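Coordinates from entry-v6.pdb are shown below (PDB, C-alpha atoms, pLDDT in the B column).
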```pdb
ATOM      1  CA  MET A  64     114.856 207.182  93.446  1.00 45.00           C
ATOM      2  CA  VAL A  65     114.304 205.797  89.945  1.00 47.00           C
ATOM      3  CA  HIS A  66     117.132 204.505  87.799  1.00 46.00           C
ATOM      4  CA  THR A  67     116.596 205.277  84.124  1.00 45.00           C
ATOM      5  CA  GLY A  68     119.640 203.628  82.607  1.00 45.00           C
ATOM      6  CA  GLU A  69     121.604 205.851  80.239  1.00 46.00           C
ATOM      7  CA  GLU A  70     119.421 208.819  81.147  1.00 46.00           C
ATOM      8  CA  GLY A  71     120.758 208.808  84.728  1.00 45.00           C
ATOM      9  CA  TRP A  72     118.870 209.115  87.981  1.00 47.00           C
ATOM     10  CA  SER A  73     115.613 210.898  88.746  1.00 47.00           C
ATOM     11  CA  ALA A  74     114.760 211.596  92.387  1.00 47.00           C
ATOM     12  CA  ILE A  75     111.294 211.525  93.936  1.00 48.00           C
ATOM     13  CA  GLU A  76     110.927 212.911  97.446  1.00 48.00           C
ATOM     14  CA  THR A  77     108.546 210.842  99.539  1.00 46.00           C
ATOM     15  CA  LYS A  78     106.609 213.892 100.725  1.00 48.00           C
ATOM     16  CA  CYS A  79     105.478 214.292  97.106  1.00 59.00           C
ATOM     17  CA  PHE A  80     103.581 210.974  97.364  1.00 61.00           C
ATOM     18  CA  LEU A  81     100.971 212.479  99.664  1.00 62.00           C
ATOM     19  CA  PRO A  82      99.004 214.638  97.192  1.00 63.00           C
ATOM     20  CA  SER A  83      97.545 212.770  94.208  1.00 70.00           C
ATOM     21  CA  SER A  84      99.722 214.844  91.882  1.00 75.00           C
ATOM     22  CA  GLY A  85     102.806 213.447  93.631  1.00 77.00           C
ATOM     23  CA  ILE A  86     101.717 209.867  93.070  1.00 82.00           C
ATOM     24  CA  ALA A  87     100.985 210.673  89.423  1.00 84.00           C
ATOM     25  CA  TRP A  88     104.511 212.132  89.108  1.00 83.00           C
ATOM     26  CA  ALA A  89     106.014 208.975  90.623  1.00 85.00           C
ATOM     27  CA  ILE A  90     104.086 206.803  88.160  1.00 88.00           C
ATOM     28  CA  MET A  91     105.202 208.967  85.247  1.00 87.00           C
ATOM     29  CA  LEU A  92     108.854 208.595  86.246  1.00 87.00           C
ATOM     30  CA  LEU A  93     108.473 204.852  86.754  1.00 91.00           C
ATOM     31  CA  LEU A  94     107.136 204.548  83.212  1.00 91.00           C
ATOM     32  CA  THR A  95     110.418 206.007  81.894  1.00 89.00           C
ATOM     33  CA  VAL A  96     112.569 203.282  83.471  1.00 89.00           C
ATOM     34  CA  VAL A  97     114.435 201.161  80.926  1.00 87.00           C
ATOM     35  CA  PRO A  98     113.969 197.347  80.805  1.00 86.00           C
ATOM     36  CA  ASN A  99     115.582 195.650  83.823  1.00 89.00           C
ATOM     37  CA  GLY A 100     115.957 199.068  85.457  1.00 90.00           C
ATOM     38  CA  VAL A 101     115.835 199.465  89.214  1.00 91.00           C
ATOM     39  CA  VAL A 102     113.356 201.537  91.213  1.00 92.00           C
ATOM     40  CA  PHE A 103     114.829 202.325  94.627  1.00 91.00           C
ATOM     41  CA  MET A 104     112.559 203.621  97.388  1.00 91.00           C
ATOM     42  CA  ALA A 105     113.397 204.652 100.955  1.00 90.00           C
ATOM     43  CA  PRO A 106     110.155 205.690 102.696  1.00 89.00           C
ATOM     44  CA  PRO A 107     110.480 207.544 106.036  1.00 87.00           C
ATOM     45  CA  CYS A 108     110.811 204.977 108.809  1.00 88.00           C
ATOM     46  CA  SER A 109     110.000 206.944 111.968  1.00 83.00           C
ATOM     47  CA  ASP A 110     106.384 205.799 112.320  1.00 86.00           C
ATOM     48  CA  TRP A 111     107.355 202.176 111.728  1.00 91.00           C
ATOM     49  CA  THR A 112     110.206 201.687 114.216  1.00 88.00           C
ATOM     50  CA  TRP A 113     109.917 200.180 117.693  1.00 84.00           C
ATOM     51  CA  LEU A 114     111.155 203.440 119.197  1.00 79.00           C
ATOM     52  CA  ASN A 115     107.943 205.177 118.079  1.00 82.00           C
ATOM     53  CA  SER A 116     105.627 202.190 118.417  1.00 82.00           C
ATOM     54  CA  TYR A 117     103.761 203.668 121.393  1.00 82.00           C
ATOM     55  CA  THR A 118     103.089 206.977 119.625  1.00 85.00           C
ATOM     56  CA  SER A 119     102.260 205.349 116.303  1.00 88.00           C
ATOM     57  CA  GLY A 120     100.179 202.574 117.880  1.00 89.00           C
ATOM     58  CA  ARG A 121     101.721 199.945 115.669  1.00 89.00           C
ATOM     59  CA  TYR A 122     102.266 197.693 118.693  1.00 86.00           C
ATOM     60  CA  LEU A 123      98.464 197.303 118.650  1.00 86.00           C
ATOM     61  CA  SER A 124      97.884 197.000 114.903  1.00 88.00           C
ATOM     62  CA  GLU A 125      99.804 197.215 111.638  1.00 90.00           C
ATOM     63  CA  PHE A 126      97.612 200.207 110.767  1.00 90.00           C
ATOM     64  CA  GLY A 127      98.575 202.071 113.968  1.00 89.00           C
ATOM     65  CA  HIS A 128      96.661 205.056 115.343  1.00 90.00           C
ATOM     66  CA  VAL A 129      94.981 206.000 112.062  1.00 89.00           C
ATOM     67  CA  GLY A 130      93.711 209.253 113.560  1.00 89.00           C
ATOM     68  CA  HIS A 131      97.278 210.505 114.032  1.00 90.00           C
ATOM     69  CA  PRO A 132      98.299 212.691 111.045  1.00 88.00           C
ATOM     70  CA  GLY A 133     101.803 211.232 110.863  1.00 88.00           C
ATOM     71  CA  VAL A 134     100.568 207.650 110.960  1.00 90.00           C
ATOM     72  CA  LYS A 135      97.915 208.383 108.344  1.00 90.00           C
ATOM     73  CA  ALA A 136     100.562 209.897 106.059  1.00 88.00           C
ATOM     74  CA  SER A 137     102.904 206.933 106.579  1.00 91.00           C
ATOM     75  CA  ASN A 138     100.117 204.491 105.719  1.00 93.00           C
ATOM     76  CA  THR A 139      99.432 206.455 102.533  1.00 90.00           C
ATOM     77  CA  VAL A 140     103.100 206.339 101.556  1.00 90.00           C
ATOM     78  CA  ALA A 141     103.309 202.588 102.252  1.00 93.00           C
ATOM     79  CA  THR A 142     100.250 202.008 100.066  1.00 93.00           C
ATOM     80  CA  ALA A 143     101.795 204.113  97.280  1.00 91.00           C
ATOM     81  CA  VAL A 144     105.068 202.182  97.522  1.00 94.00           C
ATOM     82  CA  SER A 145     103.109 198.914  97.309  1.00 96.00           C
ATOM     83  CA  MET A 146     101.425 200.136  94.137  1.00 94.00           C
ATOM     84  CA  LEU A 147     104.785 201.071  92.617  1.00 94.00           C
ATOM     85  CA  MET A 148     106.148 197.627  93.506  1.00 96.00           C
ATOM     86  CA  TRP A 149     103.269 196.082  91.576  1.00 96.00           C
ATOM     87  CA  MET A 150     103.918 198.339  88.591  1.00 95.00           C
ATOM     88  CA  CYS A 151     107.586 197.299  88.626  1.00 95.00           C
ATOM     89  CA  HIS A 152     106.530 193.655  88.657  1.00 96.00           C
ATOM     90  CA  MET A 153     104.131 194.113  85.749  1.00 95.00           C
ATOM     91  CA  ARG A 154     106.722 196.037  83.676  1.00 94.00           C
ATOM     92  CA  GLY A 155     109.530 193.570  84.321  1.00 94.00           C
ATOM     93  CA  LEU A 156     111.499 196.039  86.428  1.00 94.00           C
ATOM     94  CA  TYR A 157     113.418 195.538  89.649  1.00 95.00           C
ATOM     95  CA  TYR A 158     112.458 197.286  92.862  1.00 95.00           C
ATOM     96  CA  MET A 159     114.281 197.820  96.133  1.00 95.00           C
ATOM     97  CA  VAL A 160     112.711 199.279  99.291  1.00 96.00           C
ATOM     98  CA  GLU A 161     114.951 200.274 102.209  1.00 95.00           C
ATOM     99  CA  GLN A 162     113.987 200.227 105.884  1.00 95.00           C
ATOM    100  CA  PRO A 163     115.802 199.809 109.220  1.00 93.00           C
ATOM    101  CA  LYS A 164     115.906 196.278 110.573  1.00 93.00           C
ATOM    102  CA  ASP A 165     113.280 196.984 113.263  1.00 91.00           C
ATOM    103  CA  SER A 166     110.764 198.624 110.903  1.00 94.00           C
ATOM    104  CA  SER A 167     107.317 197.030 110.780  1.00 94.00           C
ATOM    105  CA  MET A 168     106.461 198.525 107.372  1.00 95.00           C
ATOM    106  CA  PHE A 169     106.758 195.211 105.568  1.00 96.00           C
ATOM    107  CA  LYS A 170     103.990 193.825 107.828  1.00 95.00           C
ATOM    108  CA  PHE A 171     101.568 196.524 106.659  1.00 96.00           C
ATOM    109  CA  PRO A 172      98.801 194.609 104.832  1.00 96.00           C
ATOM    110  CA  ALA A 173      99.287 196.282 101.435  1.00 96.00           C
ATOM    111  CA  MET A 174     103.038 195.693 101.615  1.00 96.00           C
ATOM    112  CA  ALA A 175     102.756 192.117 102.879  1.00 96.00           C
ATOM    113  CA  SER A 176     100.372 191.224 100.045  1.00 96.00           C
ATOM    114  CA  MET A 177     102.608 192.813  97.434  1.00 97.00           C
ATOM    115  CA  ILE A 178     105.713 191.046  98.745  1.00 97.00           C
ATOM    116  CA  GLU A 179     103.951 187.735  98.191  1.00 96.00           C
ATOM    117  CA  MET A 180     102.523 188.703  94.794  1.00 96.00           C
ATOM    118  CA  THR A 181     105.871 189.926  93.431  1.00 96.00           C
ATOM    119  CA  ASN A 182     108.072 187.232  95.003  1.00 95.00           C
ATOM    120  CA  GLY A 183     109.907 189.803  97.086  1.00 96.00           C
ATOM    121  CA  SER A 184     112.909 188.890  99.235  1.00 95.00           C
ATOM    122  CA  LYS A 185     114.499 190.620 102.225  1.00 96.00           C
ATOM    123  CA  LEU A 186     118.216 191.208 102.440  1.00 95.00           C
ATOM    124  CA  LEU A 187     119.808 192.133 105.780  1.00 95.00           C
ATOM    125  CA  THR A 188     122.945 194.241 105.697  1.00 95.00           C
ATOM    126  CA  TYR A 189     124.831 196.708 107.903  1.00 94.00           C
ATOM    127  CA  GLN A 190     125.897 200.161 106.802  1.00 92.00           C
ATOM    128  CA  GLY A 191     128.725 200.370 109.346  1.00 89.00           C
ATOM    129  CA  PRO A 192     131.160 198.531 107.035  1.00 91.00           C
ATOM    130  CA  PHE A 193     130.196 200.995 104.291  1.00 92.00           C
ATOM    131  CA  GLY A 194     131.324 203.895 106.475  1.00 89.00           C
ATOM    132  CA  ALA A 195     128.356 204.726 108.715  1.00 85.00           C
ATOM    133  CA  ALA A 196     129.167 205.902 112.244  1.00 79.00           C
ATOM    134  CA  ILE A 197     126.878 203.229 113.730  1.00 81.00           C
ATOM    135  CA  PRO A 198     126.166 199.598 112.725  1.00 86.00           C
ATOM    136  CA  LYS A 199     122.857 200.730 111.106  1.00 88.00           C
ATOM    137  CA  PRO A 200     121.235 197.335 110.395  1.00 91.00           C
ATOM    138  CA  THR A 201     119.222 197.731 107.214  1.00 94.00           C
ATOM    139  CA  VAL A 202     116.702 195.566 105.390  1.00 96.00           C
ATOM    140  CA  LEU A 203     116.415 195.845 101.618  1.00 97.00           C
ATOM    141  CA  LEU A 204     113.215 194.398 100.200  1.00 97.00           C
ATOM    142  CA  HIS A 205     113.778 193.494  96.552  1.00 96.00           C
ATOM    143  CA  ASN A 206     112.871 191.241  93.632  1.00 95.00           C
ATOM    144  CA  MET A 207     116.356 191.138  92.112  1.00 93.00           C
ATOM    145  CA  GLY A 208     117.833 187.794  93.109  1.00 87.00           C
ATOM    146  CA  ASP A 209     120.915 187.038  95.196  1.00 86.00           C
ATOM    147  CA  GLU A 210     123.435 187.311  92.345  1.00 88.00           C
ATOM    148  CA  LEU A 211     122.728 190.998  91.693  1.00 90.00           C
ATOM    149  CA  THR A 212     122.504 192.003  95.364  1.00 93.00           C
ATOM    150  CA  ALA A 213     125.356 189.967  96.886  1.00 93.00           C
ATOM    151  CA  SER A 214     127.707 192.968  97.021  1.00 94.00           C
ATOM    152  CA  LEU A 215     125.282 194.796  99.323  1.00 94.00           C
ATOM    153  CA  VAL A 216     125.482 192.175 102.076  1.00 93.00           C
ATOM    154  CA  LYS A 217     127.824 193.198 104.901  1.00 92.00           C
ATOM    155  CA  PRO A 218     128.129 191.644 108.393  1.00 90.00           C
ATOM    156  CA  SER A 219     127.539 193.448 111.661  1.00 86.00           C
ATOM    157  CA  PRO A 220     130.643 195.405 112.770  1.00 80.00           C
ATOM    158  CA  PRO A 221     132.422 194.097 115.901  1.00 76.00           C
ATOM    159  CA  ARG A 222     130.872 195.302 119.133  1.00 67.00           C
ATOM    160  CA  GLY A 223     132.483 198.528 120.312  1.00 58.00           C
ATOM    161  CA  SER A 224     133.992 199.383 116.929  1.00 58.00           C
ATOM    162  CA  MET A 225     131.530 202.176 116.139  1.00 57.00           C
ATOM    163  CA  LYS A 226     132.309 205.698 117.367  1.00 55.00           C
ATOM    164  CA  ALA A 227     128.910 207.404 117.519  1.00 55.00           C
ATOM    165  CA  ASN A 228     126.623 207.142 120.523  1.00 56.00           C
ATOM    166  CA  VAL A 229     123.186 207.944 119.135  1.00 54.00           C
ATOM    167  CA  CYS A 230     120.907 207.460 122.131  1.00 55.00           C
ATOM    168  CA  TRP A 231     120.860 207.457 125.898  1.00 48.00           C
ATOM    169  CA  THR A 232     118.308 206.383 128.489  1.00 53.00           C
ATOM    170  CA  SER A 233     116.859 208.887 130.939  1.00 54.00           C
ATOM    171  CA  ASN A 234     116.087 208.116 134.577  1.00 55.00           C
ATOM    172  CA  ALA A 235     112.510 207.441 133.499  1.00 57.00           C
ATOM    173  CA  GLY A 236     113.729 204.782 131.079  1.00 54.00           C
ATOM    174  CA  VAL A 237     112.968 206.883 128.013  1.00 52.00           C
ATOM    175  CA  PHE A 238     115.305 206.633 125.021  1.00 52.00           C
ATOM    176  CA  LYS A 239     116.463 209.990 123.697  1.00 56.00           C
ATOM    177  CA  GLY A 240     118.615 210.842 120.702  1.00 57.00           C
ATOM    178  CA  THR A 241     122.029 212.491 121.056  1.00 60.00           C
ATOM    179  CA  SER A 242     123.599 215.108 118.790  1.00 60.00           C
ATOM    180  CA  ASP A 243     125.100 212.262 116.731  1.00 59.00           C
ATOM    181  CA  LEU A 244     121.695 210.862 115.766  1.00 63.00           C
ATOM    182  CA  LYS A 245     120.791 213.205 112.894  1.00 65.00           C
ATOM    183  CA  ALA A 246     123.927 212.495 110.900  1.00 62.00           C
ATOM    184  CA  THR A 247     123.239 208.746 110.944  1.00 68.00           C
ATOM    185  CA  GLU A 248     120.060 209.217 108.884  1.00 72.00           C
ATOM    186  CA  HIS A 249     122.114 209.614 105.711  1.00 77.00           C
ATOM    187  CA  TYR A 250     123.611 206.816 103.637  1.00 83.00           C
ATOM    188  CA  PRO A 251     127.395 206.497 103.631  1.00 87.00           C
ATOM    189  CA  THR A 252     128.777 207.453 100.235  1.00 89.00           C
ATOM    190  CA  SER A 253     130.085 203.953  99.535  1.00 93.00           C
ATOM    191  CA  PHE A 254     126.681 202.420 100.287  1.00 92.00           C
ATOM    192  CA  ALA A 255     124.955 204.791  97.858  1.00 89.00           C
ATOM    193  CA  GLN A 256     127.636 204.037  95.272  1.00 90.00           C
ATOM    194  CA  GLU A 257     127.100 200.302  95.636  1.00 93.00           C
ATOM    195  CA  LEU A 258     123.355 200.775  95.136  1.00 91.00           C
ATOM    196  CA  ALA A 259     124.197 202.573  91.890  1.00 89.00           C
ATOM    197  CA  ASN A 260     126.550 199.737  90.912  1.00 91.00           C
ATOM    198  CA  VAL A 261     123.806 197.163  91.488  1.00 92.00           C
ATOM    199  CA  ALA A 262     121.438 199.148  89.275  1.00 88.00           C
ATOM    200  CA  ALA A 263     124.105 199.485  86.577  1.00 89.00           C
ATOM    201  CA  ARG A 264     124.711 195.728  86.583  1.00 90.00           C
ATOM    202  CA  ALA A 265     120.984 195.076  86.352  1.00 88.00           C
ATOM    203  CA  VAL A 266     120.636 197.044  83.098  1.00 84.00           C
ATOM    204  CA  GLY A 267     123.954 195.777  81.694  1.00 84.00           C
ATOM    205  CA  LEU A 268     125.908 199.023  81.899  1.00 76.00           C
ATOM    206  CA  VAL A 269     128.814 197.235  83.620  1.00 72.00           C
TER     207      VAL A 269
END
```

In structure tokens, write the structure found in this file.
Amino acid sequence: MVHTGEEGWSAIETKCFLPSSGIAWAIMLLLTVVPNGVVFMAPPCSDWTWLNSYTSGRYLSEFGHVGHPGVKASNTVATAVSMLMWMCHMRGLYYMVEQPKDSSMFKFPAMASMIEMTNGSKLLTYQGPFGAAIPKPTVLLHNMGDELTASLVKPSPPRGSMKANVCWTSNAGVFKGTSDLKATEHYPTSFAQELANVAARAVGLV
């Protein structure tokens, strides 16, 4: 999602990054961002989490099983996000990339290099206090500084305070999702609103 100041928000779906025309569209939108604007990106996390590490092969290498279509697509998206981070840095824009706490995306070579080159920082927060049904530990990679992002930092909710049970373990020791799992993919409204507030403060709208 790209914040364009007074012109509002423009959304880019990650699946559009895969064809070259999608990447070109993302670059075009990024070039419309006002000075000090914020580019927010939330790439799909499934191939990067520990739960899928055996299928993705990322327990063996940051590149994973490159012959697997899903892993190949995820690597392409991560590379595209890295390129957009660099463009933000060169244009004097802020970026923010969201992933779950256990994601290994930020260890992907292109991402790791770009984090160093753009002086990126990682912020750990929990979406439970924002209204999520589970604690939902989240890492926000950004180049914005602590003053702008302080309102996004929330502590882990007390153990047992969350209502949803999103996974169970079978007799074979395999983790499986429950019917509550799908709903937890979405951001709580107050979390999304605070992201918008951070972007507004960055460009001086509030």

Please build the interface table for region 136-200 of chain A against region 210-216 of chain A with a cut-off of 12 Å, listing for each qualifying residue the nearest atom pair and the distance in Å to one decimal; count all atoms listed in the file, order rows by chain and increasing number, and write it as a Markdown table.
```
| residue | atom | partner | partner_atom | distance |
| --- | --- | --- | --- | --- |
| A:Tyr157 | CA | A:Leu211 | CA | 10.6 |
| A:Tyr158 | CA | A:Thr212 | CA | 11.6 |
| A:Met159 | CA | A:Thr212 | CA | 10.1 |
| A:Ser184 | CA | A:Thr212 | CA | 10.8 |
| A:Lys185 | CA | A:Thr212 | CA | 10.6 |
| A:Leu186 | CA | A:Val216 | CA | 7.3 |
| A:Leu187 | CA | A:Val216 | CA | 6.8 |
| A:Thr188 | CA | A:Val216 | CA | 4.9 |
| A:Tyr189 | CA | A:Val216 | CA | 7.4 |
| A:Gln190 | CA | A:Leu215 | CA | 9.2 |
| A:Gly191 | CA | A:Val216 | CA | 11.4 |
| A:Pro192 | CA | A:Val216 | CA | 9.9 |
| A:Phe193 | CA | A:Leu215 | CA | 9.3 |
| A:Pro200 | CA | A:Val216 | CA | 10.7 |
```

Checklist entry - For the atom pair CA of Ser137 (chain A) and CA of Pro107 (chain A), what is the interatomic distance in Å to one decimal place? => result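 Value for the CA of Ser137 (chain A)-CA of Pro107 (chain A) distance: 7.6 Å.
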
Evaluate the PyMOL selection byres ((chain A and resi 110) around 8) here and jot the selected residues down as a PDB file with C-alpha atoms, in the coordinates of the input.
```
ATOM      1  CA  PRO A 107     110.480 207.544 106.036  1.00 87.00           C
ATOM      2  CA  CYS A 108     110.811 204.977 108.809  1.00 88.00           C
ATOM      3  CA  SER A 109     110.000 206.944 111.968  1.00 83.00           C
ATOM      4  CA  TRP A 111     107.355 202.176 111.728  1.00 91.00           C
ATOM      5  CA  THR A 112     110.206 201.687 114.216  1.00 88.00           C
ATOM      6  CA  ASN A 115     107.943 205.177 118.079  1.00 82.00           C
ATOM      7  CA  SER A 116     105.627 202.190 118.417  1.00 82.00           C
ATOM      8  CA  SER A 119     102.260 205.349 116.303  1.00 88.00           C
ATOM      9  CA  GLY A 133     101.803 211.232 110.863  1.00 88.00           C
ATOM     10  CA  VAL A 134     100.568 207.650 110.960  1.00 90.00           C
ATOM     11  CA  SER A 137     102.904 206.933 106.579  1.00 91.00           C
TER      12      SER A 137
END
```

Item to check | Reference answer for the PyMOL selection byres ((chain A and resi 177) around 12), as a PyMOL selection string | outcome: chain A and resi 141-153+158+169-176+178-184+204-206

Checklist entry - Any chance you could work out the residue set of the PyMOL selection byres ((chain A and resi 269) around 12) here, as a VMD selection string? => result chain A and resid 68 to 69 211 259 to 268

Checklist entry - Got a sec to check which residues sit within 8 Å of (105.6, 202.1, 82.6), counting only C-alpha atoms, and write them as JSON, numbers by chain? => result {"A": [90, 91, 93, 94, 95, 96, 150, 151, 154]}

Writing out the chosen residues with C-alpha atoms as a PDB file, keeping the file's coordinate frame:
```pdb
ATOM      1  CA  ILE A  90     104.086 206.803  88.160  1.00 88.00           C
ATOM      2  CA  MET A  91     105.202 208.967  85.247  1.00 87.00           C
ATOM      3  CA  LEU A  93     108.473 204.852  86.754  1.00 91.00           C
ATOM      4  CA  LEU A  94     107.136 204.548  83.212  1.00 91.00           C
ATOM      5  CA  THR A  95     110.418 206.007  81.894  1.00 89.00           C
ATOM      6  CA  VAL A  96     112.569 203.282  83.471  1.00 89.00           C
ATOM      7  CA  MET A 150     103.918 198.339  88.591  1.00 95.00           C
ATOM      8  CA  CYS A 151     107.586 197.299  88.626  1.00 95.00           C
ATOM      9  CA  ARG A 154     106.722 196.037  83.676  1.00 94.00           C
TER      10      ARG A 154
END
```

Item to check | Minimum-distance residue to Ala255 (chain A), chosen among A:Ala136, A:Ala105, A:Met168, A:Ala196 (using all atoms listed in the file) | outcome: A:Ala105

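Put simply, CA of Ser219 (chain A) is 14.5 Å away from CA of Phe254 (chain A).
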